[in-house]
Every structure is written in C-alpha cells, then in structure tokens.
>>> print(open('start_26.csv').read())   # CSV, C-alpha atoms
chain,number,residue,atom,x,y,z
O,25,ARG,CA,-3.9,20.6,12.8
O,26,ARG,CA,-0.5,19.2,13.6
O,27,LYS,CA,-1.9,16.8,16.3
O,28,HIS,CA,-4.9,15.6,14.3
O,29,VAL,CA,-3.8,15.5,10.6
O,30,VAL,CA,-1.6,12.5,9.7
O,31,GLU,CA,0.0,11.3,6.5
O,32,PRO,CA,-2.0,8.4,4.9
O,33,PHE,CA,-1.0,4.8,5.6
O,34,LYS,CA,-2.5,1.4,4.8
O,35,ILE,CA,-5.5,0.7,7.1
O,36,PRO,CA,-5.1,-2.9,8.5
O,37,LYS,CA,-7.7,-5.3,7.3
O,38,ASP,CA,-8.9,-6.2,10.8
O,39,TRP,CA,-9.7,-2.6,11.8
O,40,PHE,CA,-13.4,-1.8,12.1
O,41,ARG,CA,-14.4,0.4,9.2
O,42,LYS,CA,-17.5,2.6,8.6
O,43,MET,CA,-18.7,4.8,5.8
O,44,ALA,CA,-21.3,7.6,5.9
O,45,ILE,CA,-23.0,9.3,3.1
O,46,ASP,CA,-24.5,12.8,3.2
O,47,PRO,CA,-26.2,13.3,-0.3
O,48,HIS,CA,-27.8,16.4,-1.5
O,49,PRO,CA,-29.5,17.3,-4.8
O,50,GLY,CA,-28.7,21.1,-4.7
O,51,THR,CA,-25.5,21.3,-2.7
O,52,PRO,CA,-22.3,19.1,-2.7
O,53,SER,CA,-22.5,15.5,-1.5
O,54,HIS,CA,-20.0,14.1,0.9
O,55,VAL,CA,-18.9,10.5,1.7
O,56,MET,CA,-16.6,9.7,4.7
O,57,TRP,CA,-14.6,6.6,5.6
O,58,LEU,CA,-13.5,6.1,9.2
O,59,ALA,CA,-11.5,3.2,10.7
O,60,ILE,CA,-11.3,2.2,14.3
O,61,SER,CA,-8.1,0.6,15.6
O,62,PRO,CA,-7.9,-2.0,18.4
O,63,ASN,CA,-6.9,0.7,20.9
O,64,ASN,CA,-9.9,2.8,19.8
O,65,GLU,CA,-8.1,5.4,17.8
O,66,LYS,CA,-10.2,6.7,15.0
O,67,PHE,CA,-8.9,7.6,11.6
O,68,ILE,CA,-10.8,9.4,8.9
O,69,TYR,CA,-9.0,7.8,6.0
O,70,ASP,CA,-10.9,8.8,2.9
O,71,GLU,CA,-13.6,11.0,1.5
O,72,LEU,CA,-15.6,12.1,-1.6
O,73,TYR,CA,-16.8,15.6,-2.1
O,74,TYR,CA,-18.6,16.5,-5.3
O,75,SER,CA,-21.3,18.7,-6.7
O,76,ASP,CA,-24.0,17.9,-9.3
O,77,LYS,CA,-23.7,14.1,-9.2
O,78,THR,CA,-26.5,11.7,-9.5
O,79,ILE,CA,-27.0,8.8,-7.1
O,80,LYS,CA,-25.7,6.4,-9.7
O,81,GLU,CA,-22.6,8.5,-10.2
O,82,ILE,CA,-21.9,8.7,-6.5
O,83,ALA,CA,-22.4,5.0,-6.2
O,84,MET,CA,-19.9,4.4,-9.0
O,85,MET,CA,-17.3,6.7,-7.3
O,86,ILE,CA,-17.8,4.8,-4.0
O,87,ARG,CA,-17.1,1.5,-5.8
O,88,MET,CA,-14.0,3.1,-7.4
O,89,LYS,CA,-12.8,4.4,-4.0
O,90,ARG,CA,-13.3,0.9,-2.5
O,91,VAL,CA,-11.0,-0.5,-5.2
O,92,GLU,CA,-8.4,2.1,-4.5
O,93,GLN,CA,-8.5,1.4,-0.8
O,94,GLY,CA,-7.5,-2.2,-1.5
O,95,PHE,CA,-9.8,-4.2,0.8
O,96,GLY,CA,-11.1,-6.4,-2.0
O,97,LYS,CA,-14.5,-7.9,-1.3
O,98,ASP,CA,-14.2,-6.8,2.4
O,99,ILE,CA,-16.3,-3.6,2.2
O,100,GLU,CA,-17.0,-1.4,5.2
O,101,HIS,CA,-18.6,-3.1,8.2
O,102,MET,CA,-21.3,-0.5,8.5
O,103,VAL,CA,-22.6,2.0,5.9
O,104,LEU,CA,-24.7,4.9,7.2
O,105,ILE,CA,-26.7,7.6,5.4
O,106,ASP,CA,-28.6,10.8,6.2
O,107,PRO,CA,-31.8,9.7,7.8
O,108,LYS,CA,-33.8,12.1,5.7
O,109,THR,CA,-33.1,9.9,2.7
O,110,LYS,CA,-35.7,7.4,3.9
O,111,LEU,CA,-38.4,10.0,2.9
O,112,VAL,CA,-39.8,10.3,-0.6
O,113,ASP,CA,-39.1,13.8,-2.1
O,114,LYS,CA,-42.5,14.3,-3.7
O,115,LEU,CA,-41.8,18.0,-4.4
O,116,ARG,CA,-39.1,16.9,-6.9
O,117,GLY,CA,-41.5,14.3,-8.4
O,118,HIS,CA,-39.6,11.3,-6.9
O,119,LYS,CA,-41.5,8.0,-6.4
O,120,THR,CA,-38.7,6.2,-4.4
O,121,THR,CA,-36.5,7.3,-1.5
O,122,VAL,CA,-32.8,8.2,-1.9
O,123,ILE,CA,-31.8,5.3,0.3
O,124,GLN,CA,-33.7,2.9,-2.0
O,125,ASP,CA,-32.0,4.4,-5.0
O,126,PHE,CA,-28.6,3.9,-3.4
O,127,ARG,CA,-29.4,0.3,-2.6
O,128,ARG,CA,-30.5,-0.3,-6.2
O,129,ALA,CA,-27.2,1.2,-7.3
O,130,GLY,CA,-25.4,-1.4,-5.2
O,131,ILE,CA,-24.6,0.6,-2.1
O,132,GLY,CA,-26.3,-1.0,0.9
O,133,CYS,CA,-26.9,1.5,3.7
O,134,ILE,CA,-29.0,2.1,6.8
O,135,PRO,CA,-30.4,5.4,8.1
O,136,ALA,CA,-28.1,7.1,10.7
O,137,GLN,CA,-29.0,8.8,13.9
O,138,SER,CA,-28.9,12.6,13.5
O,139,LYS,CA,-28.9,13.9,17.1
O,140,PHE,CA,-26.1,16.4,17.5
O,141,GLU,CA,-25.2,16.6,21.2
O,142,PRO,CA,-24.3,13.0,21.9
O,143,ALA,CA,-21.9,12.9,19.0
O,144,TYR,CA,-20.5,16.3,19.7
O,145,TYR,CA,-19.2,15.5,23.2
O,146,LYS,CA,-17.7,12.2,22.1
O,147,ILE,CA,-15.9,14.0,19.2
O,148,ILE,CA,-14.6,16.7,21.4
O,149,LYS,CA,-13.2,14.2,23.9
O,150,ASP,CA,-11.5,12.2,21.2
O,151,LEU,CA,-9.9,15.3,19.8
O,152,GLN,CA,-8.7,16.3,23.2
O,153,ASP,CA,-7.3,12.8,23.8
O,154,GLU,CA,-5.8,12.8,20.3
O,155,LYS,CA,-7.8,9.7,19.5
O,156,LEU,CA,-9.3,11.2,16.3
O,157,LYS,CA,-7.1,11.8,13.3
O,158,VAL,CA,-7.6,12.8,9.7
O,159,PHE,CA,-5.6,11.7,6.7
O,160,ALA,CA,-4.0,14.7,5.1
O,161,HIS,CA,-5.7,14.2,1.7
O,162,CYS,CA,-9.2,14.5,3.3
O,163,ARG,CA,-9.3,18.2,2.5
O,164,GLU,CA,-13.0,18.9,2.9
O,165,THR,CA,-13.1,17.3,6.3
O,166,ILE,CA,-10.0,19.3,7.4
O,167,TYR,CA,-11.6,22.5,6.1
O,168,GLU,CA,-14.8,21.9,8.0
O,169,PHE,CA,-13.0,21.2,11.2
O,170,ARG,CA,-11.1,24.5,10.9
O,171,HIS,CA,-14.2,26.5,10.0
O,172,TYR,CA,-16.9,24.9,12.1
O,173,SER,CA,-18.8,27.6,13.9
O,174,TRP,CA,-21.8,27.9,16.3
O,175,ASP,CA,-25.0,29.5,15.4
O,176,ASN,CA,-26.5,32.3,17.5
O,177,PHE,CA,-29.7,34.3,17.8
O,178,ARG,CA,-31.3,37.2,19.6
O,179,THR,CA,-34.7,36.7,21.3
O,180,SER,CA,-35.2,40.5,20.7
O,181,SER,CA,-33.3,43.4,19.2
O,182,THR,CA,-32.3,44.6,22.7
O,183,GLU,CA,-31.2,41.3,24.2
O,184,ALA,CA,-27.7,39.8,24.2
O,185,VAL,CA,-26.8,37.2,21.6
O,186,THR,CA,-27.3,33.7,22.9
O,187,ILE,CA,-25.2,30.8,21.6
O,188,LYS,CA,-27.3,28.0,20.2
O,189,ASN,CA,-26.3,24.5,21.2
O,190,GLU,CA,-25.7,23.4,17.6
O,191,PRO,CA,-23.5,24.5,14.7
O,192,LYS,CA,-24.4,26.6,11.8
O,193,GLN,CA,-25.6,24.4,9.0
O,194,ILE,CA,-23.3,25.9,6.4
O,195,ARG,CA,-20.9,23.6,4.5
O,196,ASP,CA,-21.2,21.0,7.2
O,197,HIS,CA,-21.5,17.8,5.1
O,198,ALA,CA,-18.3,16.2,6.5
O,199,MET,CA,-19.3,17.1,10.0
O,200,SER,CA,-22.7,15.6,9.5
O,201,ASN,CA,-21.1,12.3,8.3
O,202,LEU,CA,-18.8,12.3,11.4
O,203,LYS,CA,-21.9,12.8,13.6
O,204,TYR,CA,-23.6,9.9,11.9
O,205,ILE,CA,-20.6,7.6,12.5
O,206,TYR,CA,-20.2,8.7,16.2
O,207,ASN,CA,-23.9,8.2,16.9
O,208,SER,CA,-23.6,4.6,15.6
O,209,GLY,CA,-20.8,3.8,18.1
O,210,VAL,CA,-17.1,4.1,17.7
O,211,ASP,CA,-15.7,1.4,19.9
O,212,TYR,CA,-13.5,-1.2,18.2
O,213,TYR,CA,-15.1,-4.5,17.3
O,214,ASP,CA,-13.1,-7.4,16.1
O,215,ILE,CA,-15.5,-8.8,13.5
O,216,TYR,CA,-13.0,-11.5,12.4
O,217,GLU,CA,-12.6,-12.9,15.9
O,218,ASP,CA,-16.4,-13.0,16.2
O,219,LEU,CA,-16.5,-14.9,12.9
O,220,GLU,CA,-13.9,-17.4,14.2
O,221,ASP,CA,-16.0,-17.9,17.4
O,222,GLN,CA,-19.1,-18.6,15.3
O,223,GLU,CA,-17.2,-21.1,13.1
O,224,GLU,CA,-15.9,-22.8,16.3
O,225,GLU,CA,-19.5,-23.1,17.6
O,226,LEU,CA,-20.6,-24.6,14.3
O,227,ARG,CA,-17.8,-27.2,14.4
O,228,LYS,CA,-18.9,-28.2,17.9
O,229,LEU,CA,-22.5,-28.4,16.8
O,230,ARG,CA,-21.5,-30.6,13.9
O,231,LYS,CA,-19.6,-32.9,16.2
O,232,ARG,CA,-22.6,-33.2,18.6
O,233,THR,CA,-24.8,-33.9,15.7
O,234,VAL,CA,-22.6,-36.7,14.5
O,235,TYR,CA,-22.3,-38.3,18.0
O,236,SER,CA,-26.1,-38.2,18.6
O,237,THR,CA,-27.2,-39.5,15.1
O,238,GLY,CA,-24.2,-41.7,14.2
O,239,TYR,CA,-23.9,-39.9,10.8
>>> encode(input="start_26.csv", output="structure tokens")
Amino acid sequence: RRKHVVEPFKIPKDWFRKMAIDPHPGTPSHVMWLAISPNNEKFIYDELYYSDKTIKEIAMMIRMKRVEQGFGKDIEHMVLIDPKTKLVDKLRGHKTTVIQDFRRAGIGCIPAQSKFEPAYYKIIKDLQDEKLKVFAHCRETIYEFRHYSWDNFRTSSTEAVTIKNEPKQIRDHAMSNLKYIYNSGVDYYDIYEDLEDQEEELRKLRKRTVYSTGY
C-alpha cells in the first residue's frame, strides 16, 4: 500500500488519459480514470462506484467528475466499456444496447478487450516496478487490490484443489476496468505533439498548393 497509494495531485494536461466503465444493472457500477505520464508511469486518479444508478445518472456523474478534474473540453483520449454492453439484453426487455444508451447520454465509448491474462502480467510487472500508482481517494480500487483472490476448483472430491488462472469474479469491478485499460495499451502517447505534426503538414501542403496554383 505504501508504495502504490499516493496523495492526489493535478494531472498534467499533456498526459495520456483513459477512462473505463463497468456498468451493471444488479450490482454496483464502476468507472475508472487512469493517466499515463511521459515516462510511462500509470496513475489511477479518479473513480466512481455506485449502486442502483441508471445509465443517464452514471453519464451525468461522469460529466460532473470531468468538471471536477479540470480538463475543460479536453476529455479523456480513450473511453472503454465492458464489451458485453454491445449486446441487447432482451431478457430485461431492452431494445438497444448499453453502449448505445451511453452514447445517447453523451458518453462516447468503445468496447474493451476482456482477455485476462495479457493484462494481468502487465499489471503485475508495473506493480513490481512501482510504475502503477493509485490516488488515495480511490477507495474501491484500493479495496479490490487488497482483496483480489484467485478462484479454485476440484476435478473430483478426492483430488487436490487446483488454482484457476483467473480471479474470483466477486467485487471485481475496478479490476475489470483496469484490465480493459491495460488491454488497450498503456504506453505514453503525446497526442499534442502528434497534432502539432499534423498542423505542420497542413501548413506545408497549403504552401505547395499556393506555389502550384498561384492562389
């Protein structure tokens, strides 16, 4: 805990930021914000964790969090969501997908990759290298880190317990979001430098156009 939990600080505007959403109709929903520094340190800098909230209410709370975070119109550079949300829940009488409902509520997002193992090894390495930190007010994320446990099973009543290569899916909403973010890639990307390069290319193109046409 001492190594990985830090007091909150203002995230610089040029750090690459991602958000992940793990929504559920019957259990608490979790939203995670993670920033990547130029030296590839990762900071989980904010979260939401609430029960019994509609998609519109979660979307409103996300917008309020964005205001609190102080980035103005510069929202996260990538927004991910549980890939199951691209399916229509016909059992509950839904006609649209959850991801469509979030988009209609003003939260643009894309389905995440849910494979566990690739993300797990990257997360473990970053924890060992002290490259992954959590802001102290992200209580649910800290709780799940401290209580994460592995599932196990017996192939028969007489055989030894075998450890499954995956965690127990009990109160793992923050860990699911962290998995989504890591599966999307967690290397720093300077989006502002890339925009400057694009603007420079456009300026060169305009000059060439003027020289070739005379206008």
>>> atom_distance(input="start_26.csv", atom1="CA of Pro135 (chain O)", atom2="CA of Arg87 (chain O)")
19.6 Å
>>> closest_residue(input="start_26.csv", among="O:Val29, O:Ala160, O:Ile134, O:Val103", to="Val55 (chain O)", atoms="all atoms listed in the file")
O:Val103
>>> closest_residue(input="start_26.csv", among="O:Val30, O:Ile79, O:Ile123, O:Ala136", to="Ile205 (chain O)", atoms="only C-alpha atoms")
O:Ala136
>>> atom_distance(input="start_26.csv", atom1="CA of Val158 (chain O)", atom2="CA of Lys27 (chain O)")
9.6 Å
>>> atom_distance(input="start_26.csv", atom1="CA of Asp113 (chain O)", atom2="CA of Arg127 (chain O)")
16.6 Å
>>> residues_around(input="start_26.csv", residues="Ser61 (chain O)", least_positions_apart="2", cutoff="7 Å", atoms="all atoms listed in the file", output="PDB file with C-alpha atoms, in the coordinates of the input")
ATOM      1  CA  TRP O  39      -9.700  -2.600  11.800  1.00  0.00           C
ATOM      2  CA  PHE O  40     -13.400  -1.800  12.100  1.00  0.00           C
ATOM      3  CA  ALA O  59     -11.500   3.200  10.700  1.00  0.00           C
ATOM      4  CA  ASN O  63      -6.900   0.700  20.900  1.00  0.00           C
ATOM      5  CA  ASN O  64      -9.900   2.800  19.800  1.00  0.00           C
ATOM      6  CA  GLU O  65      -8.100   5.400  17.800  1.00  0.00           C
ATOM      7  CA  LYS O  66     -10.200   6.700  15.000  1.00  0.00           C
ATOM      8  CA  TYR O 212     -13.500  -1.200  18.200  1.00  0.00           C
TER       9      TYR O 212
END
>>> closest_residue(input="start_26.csv", among="O:Thr121, O:Gln152, O:Ser208, O:Thr51", to="Ser138 (chain O)", atoms="only C-alpha atoms")
O:Ser208
>>> closest_residue(input="start_26.csv", among="O:Ile99, O:Met84, O:Leu111, O:Ile105", to="Ala129 (chain O)", atoms="only C-alpha atoms")
O:Met84
>>> axis_aligned_box(input="start_26.csv", around="region 131-140 of chain O", padding_each_side="5 Å", output="lines of an AutoDock Vina configuration file")
center_x = -27.5
center_y = 7.7
center_z = 7.7
size_x = 15.8
size_y = 27.4
size_z = 29.6
>>> residues_around(input="start_26.csv", residues="Tyr74 (chain O)", least_positions_apart="2", cutoff="7 Å", atoms="all atoms listed in the file", output="VMD selection string")
chain O and resid 52 to 54 72 76 to 77
